[in-house]
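Enquirer: Let me give you the structure first, and then I'll get to my questions.
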Amino acid sequence: VERWEVEKLLEGPFDRCCACVTIQAGAGGTDAQDWAQMLERMYIRYAERRGFRASVLERSAGDEAGIKSCALQVEGDFAFGWLCGEKGTHRLVRLSPFNAKQARQTSFAAVEVTPIVEDKAKLDSVEVAERDLEWSTMRSGGKGGQNVNKVESAVRVRHLPTGLAVKCTEERSQQMNRAKALSILKSKLLVMENERREEELARIRGEAVVADFGQQVRTYVLHPYRMVKDLRTGVETSGADDVLDGSLDDFAEAYLNYRAANKDNE
């Protein structure tokens, strides 16, 4: 696809924004936590390939291996537009490296992609009452440092009316983490409001609205053959290792075309 043709598809209201990619290990125990870490690496490598900057906002280590969850901030022009198609459930099929019998194992991980809105006017338009926020603090994980593991600088904020939660451990001070967490929370609320308006318009037009929470979007098979297939666009490749090393452009471009086609049909 020609570059200008793809860029024409990046016309969503938040496509130009930076992105917050949250990965949560699902069913599958240690294998799922290892799978979540594989996805974390895949998105960091993809960010590097596209010239974006990826940093870890929050990371929770797995019990034996991998991670239970993590949140990445991906900075760059149109980062959200290129990553928005990753939202959903990602399924891995492989021989388990954690099973003595090396049995075939299916693991799941959920990926959420949220734009990081930096437009102060837009963020200020989101009114959040302090009584609707539940704050908690904890010690940051990681390898030492003057404040790490000594001061409760990490914060978690939960928006009680919606249940949305954001955890931030990246910054050195609690105040900076509070500001970052609140900014990302407001971004999520902006997106939620935008999606609600789109659903209302769809209802007015008499269209069926299907919620895609937990929707399985892509399958990665490493045994008995190697294949990665997107279940929405039909794009597939036998180059599973390349995909896991961040080669996601074909999937991203296909999703942008898929999104545009669905919009044209509305």
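Chains: A, B, ... in order of the structure tokens. Residues: from 1 per chain. Ligands: from 1, in order shown.
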Give me the residues near Glu253 in chain A as a PyMOL selection string, where near means some atom within 12 Å (using only C-alpha atoms) and where sequence neighbours in that chain fewer than 5 positions away do not count.
Expert: chain A and resi 1-10+81-86+230+233+235+247-248+258-260
Enquirer: Find the residues around Arg158 in chain A up to 6 Å (only C-alpha atoms counted), leave out those fewer than 5 positions away in its own chain, and share them as a VMD selection string.
Expert: chain A and resid 133 to 134 164 to 165
Enquirer: With C-alpha atoms kept, could you save the residues just selected as a PDB file, in the first residue's frame?
Expert:
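Okay, out.pdb is ready:
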ATOM      1  CA  LEU A 133     -11.829   8.993  42.213  1.00  0.00           C
ATOM      2  CA  GLU A 134     -10.307   6.324  44.413  1.00  0.00           C
ATOM      3  CA  LEU A 164     -11.823   2.459  34.692  1.00  0.00           C
ATOM      4  CA  ALA A 165      -8.444   2.195  36.425  1.00  0.00           C
TER       5      ALA A 165
END
Enquirer: Rank A:His159, A:Lys120, A:Lys167, A:Arg53 by their smallest atom-to-atom distance to Thr137 in chain A, using only C-alpha atoms, and report the top residue only.
Expert: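 Selected residue with least distance to Thr137 in chain A: A:Lys167.
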Enquirer: Take CA of Asp77 in chain A and CA of Thr114 in chain A and report the distance between them in Å, one decimal.
Expert: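 Computing it gives 14.5 Å between the two atoms.
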Enquirer: So which residues touch range 59-62 of chain A within 8 Å, counting only C-alpha atoms, skipping near sequence neighbours fewer than 6 positions away, as a CSV table (one decimal) with all heavy atoms, in the first residue's frame?
Expert:
chain,number,residue,atom,x,y,z
A,30,THR,N,1.0,-19.8,33.9
A,30,THR,CA,2.4,-19.3,33.6
A,30,THR,C,2.5,-19.1,32.1
A,30,THR,O,3.2,-18.1,31.7
A,30,THR,CB,3.4,-20.3,34.1
A,30,THR,OG1,3.2,-20.5,35.5
A,30,THR,CG2,4.8,-19.8,33.9
A,33,GLN,N,1.2,-15.8,31.2
A,33,GLN,CA,2.0,-14.7,31.7
A,33,GLN,C,3.3,-14.5,30.8
A,33,GLN,O,3.7,-13.4,30.5
A,33,GLN,CB,2.4,-14.9,33.1
A,33,GLN,CG,1.1,-14.8,34.0
A,33,GLN,CD,1.4,-15.1,35.5
A,33,GLN,OE1,2.5,-15.3,35.9
A,33,GLN,NE2,0.3,-15.3,36.3
A,34,ASP,N,3.8,-15.7,30.3
A,34,ASP,CA,4.9,-15.6,29.4
A,34,ASP,C,4.5,-15.0,28.1
A,34,ASP,O,5.2,-14.2,27.4
A,34,ASP,CB,5.4,-17.0,29.2
A,34,ASP,CG,6.7,-17.1,28.3
A,34,ASP,OD1,7.7,-16.4,28.6
A,34,ASP,OD2,6.7,-17.8,27.3
A,68,LYS,N,2.2,-10.4,34.6
A,68,LYS,CA,0.8,-10.5,34.8
A,68,LYS,C,0.1,-9.4,34.0
A,68,LYS,O,-1.0,-9.5,33.4
A,68,LYS,CB,0.4,-10.3,36.3
A,68,LYS,CG,0.8,-11.5,37.1
A,68,LYS,CD,0.5,-11.2,38.6
A,68,LYS,CE,0.9,-12.4,39.5
A,68,LYS,NZ,0.6,-12.1,40.9
A,69,SER,N,0.8,-8.2,33.9
A,69,SER,CA,0.3,-7.1,33.2
A,69,SER,C,1.3,-6.0,33.0
A,69,SER,O,2.4,-6.0,33.7
A,69,SER,CB,-0.9,-6.4,33.9
A,69,SER,OG,-0.5,-5.8,35.1
A,70,CYS,N,1.1,-5.2,32.0
A,70,CYS,CA,2.0,-4.0,31.8
A,70,CYS,C,1.3,-2.9,31.0
A,70,CYS,O,0.3,-3.2,30.4
A,70,CYS,CB,3.3,-4.4,31.1
A,70,CYS,SG,3.1,-4.6,29.3
A,71,ALA,N,1.8,-1.7,31.1
A,71,ALA,CA,1.2,-0.6,30.4
A,71,ALA,C,2.4,0.1,29.7
A,71,ALA,O,3.4,0.4,30.4
A,71,ALA,CB,0.5,0.4,31.2
A,141,GLY,N,8.1,-1.1,41.7
A,141,GLY,CA,8.9,-2.2,41.6
A,141,GLY,C,10.2,-1.8,40.8
A,141,GLY,O,10.3,-0.6,40.4
Enquirer: Find, counting only C-alpha atoms, the residue in A:Glu40, A:Asp132, A:Glu195, A:Glu200 that gets nearest to Leu244 in chain A.
Expert: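 Comparing A:Glu40, A:Asp132, A:Glu195, A:Glu200 against Leu244 in chain A, the winner is A:Glu40.
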Enquirer: Apply DSSP to the structure's backbone, then extract all residues of range 20-253 of chain A labelled strand (DSSP E) and return them as a VMD selection string.
Expert: chain A and resid 20 to 25 53 to 61 67 to 75 88 to 95 104 to 116 133 to 138 154 to 159 165 to 168 216 to 221 227 to 230 236 to 237
Enquirer: Near Lys186 in chain A, counting only C-alpha atoms, which residues have an atom at most 12 Å away, once you skip same-chain residues fewer than 2 positions from it, shown as a VMD selection string?
Expert: chain A and resid 114 to 129 133 157 to 159 162 164 to 166 179 to 184 188 to 193
Enquirer: Could you dump the residues just selected with C-alpha atoms as an mmCIF file, in the first residue's frame?
Expert:
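Saved result, part08.cif, follows:
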data_model
loop_
_atom_site.group_PDB
_atom_site.id
_atom_site.type_symbol
_atom_site.label_atom_id
_atom_site.label_comp_id
_atom_site.auth_asym_id
_atom_site.auth_seq_id
_atom_site.Cartn_x
_atom_site.Cartn_y
_atom_site.Cartn_z
ATOM 1 C CA THR A 114 -5.962 4.071 24.443
ATOM 2 C CA PRO A 115 -4.947 7.394 22.887
ATOM 3 C CA ILE A 116 -3.014 9.737 25.156
ATOM 4 C CA VAL A 117 -4.729 13.057 24.568
ATOM 5 C CA GLU A 118 -2.355 15.970 25.099
ATOM 6 C CA ASP A 119 -4.744 18.706 23.979
ATOM 7 C CA LYS A 120 -5.205 20.598 27.249
ATOM 8 C CA ALA A 121 -8.539 22.060 26.140
ATOM 9 C CA LYS A 122 -9.920 18.581 25.438
ATOM 10 C CA LEU A 123 -8.629 17.202 28.734
ATOM 11 C CA ASP A 124 -9.986 20.178 30.659
ATOM 12 C CA SER A 125 -13.393 19.530 29.076
ATOM 13 C CA VAL A 126 -13.529 16.198 30.921
ATOM 14 C CA GLU A 127 -14.974 16.953 34.326
ATOM 15 C CA VAL A 128 -13.999 14.430 36.970
ATOM 16 C CA ALA A 129 -15.261 14.988 40.514
ATOM 17 C CA LEU A 133 -11.829 8.993 42.213
ATOM 18 C CA VAL A 157 -6.513 5.710 40.333
ATOM 19 C CA ARG A 158 -9.941 4.182 39.825
ATOM 20 C CA HIS A 159 -12.913 6.068 38.385
ATOM 21 C CA THR A 162 -17.117 3.592 35.189
ATOM 22 C CA LEU A 164 -11.823 2.459 34.692
ATOM 23 C CA ALA A 165 -8.444 2.195 36.425
ATOM 24 C CA VAL A 166 -4.949 3.448 35.628
ATOM 25 C CA ALA A 179 -0.653 13.757 37.122
ATOM 26 C CA LYS A 180 0.243 11.133 34.500
ATOM 27 C CA ALA A 181 -2.393 8.663 35.748
ATOM 28 C CA LEU A 182 -5.121 11.325 35.799
ATOM 29 C CA SER A 183 -4.209 12.453 32.261
ATOM 30 C CA ILE A 184 -4.469 8.883 30.929
ATOM 31 C CA LYS A 188 -9.910 6.981 28.417
ATOM 32 C CA LEU A 189 -13.044 8.861 29.452
ATOM 33 C CA LEU A 190 -12.833 10.989 26.292
ATOM 34 C CA VAL A 191 -12.655 7.856 24.143
ATOM 35 C CA MET A 192 -15.517 6.251 26.058
ATOM 36 C CA GLU A 193 -17.683 9.321 25.463
#
Enquirer: DSSP on the backbone: what in range 26-223 of chain A comes out alpha helix (DSSP H), as an MDAnalysis selection string?
Expert: chainID A and resid 29:50 79:83 120:124 174:204
Enquirer: Which residues are close to range 88-91 of chain A, i.e. within 10 Å by only C-alpha atoms, leaving aside same-chain residues fewer than 3 positions away? Reply as a ChimeraX atom specification.
Expert: /A:23-27,32,35-36,39,84-85,106-113,212-221,228,230
Enquirer: Could you tell me which of A:Gly246, A:Met227, A:Lys87, A:Glu171 comes closest to Ala47 in chain A if we count only C-alpha atoms?
Expert: A:Gly246
Enquirer: Using only C-alpha atoms, which of the listed residues (A:Leu256, A:Leu222, A:Ile44, A:Leu92) sits closest to Asp241 in chain A?
Expert: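 That would be A:Leu222, the residue with the smallest distance to Asp241 in chain A.
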Enquirer: Give me the residues within 9 Å of range 96-105 of chain A as a VMD selection string, counting only C-alpha atoms and dropping any in the same chain fewer than 3 places off.
Expert: chain A and resid 28 30 to 31 92 to 93 223 to 224
Enquirer: Quick one: residues within 7 Å of Thr169 in chain A, only C-alpha atoms counted, chain neighbours fewer than 6 positions away excluded, as a count of residues only?
Expert: 6
Enquirer: In Å, with one decimal, what is the gap from CA of Met176 in chain A to CA of Val56 in chain A?
Expert: 14.8 Å
Enquirer: Identify which of the residues A:Glu130, A:Arg178, A:Gly51, A:Ala261 lies closest to Glu152 in chain A, counting only C-alpha atoms when measuring atom-to-atom distances.
Expert: A:Arg178
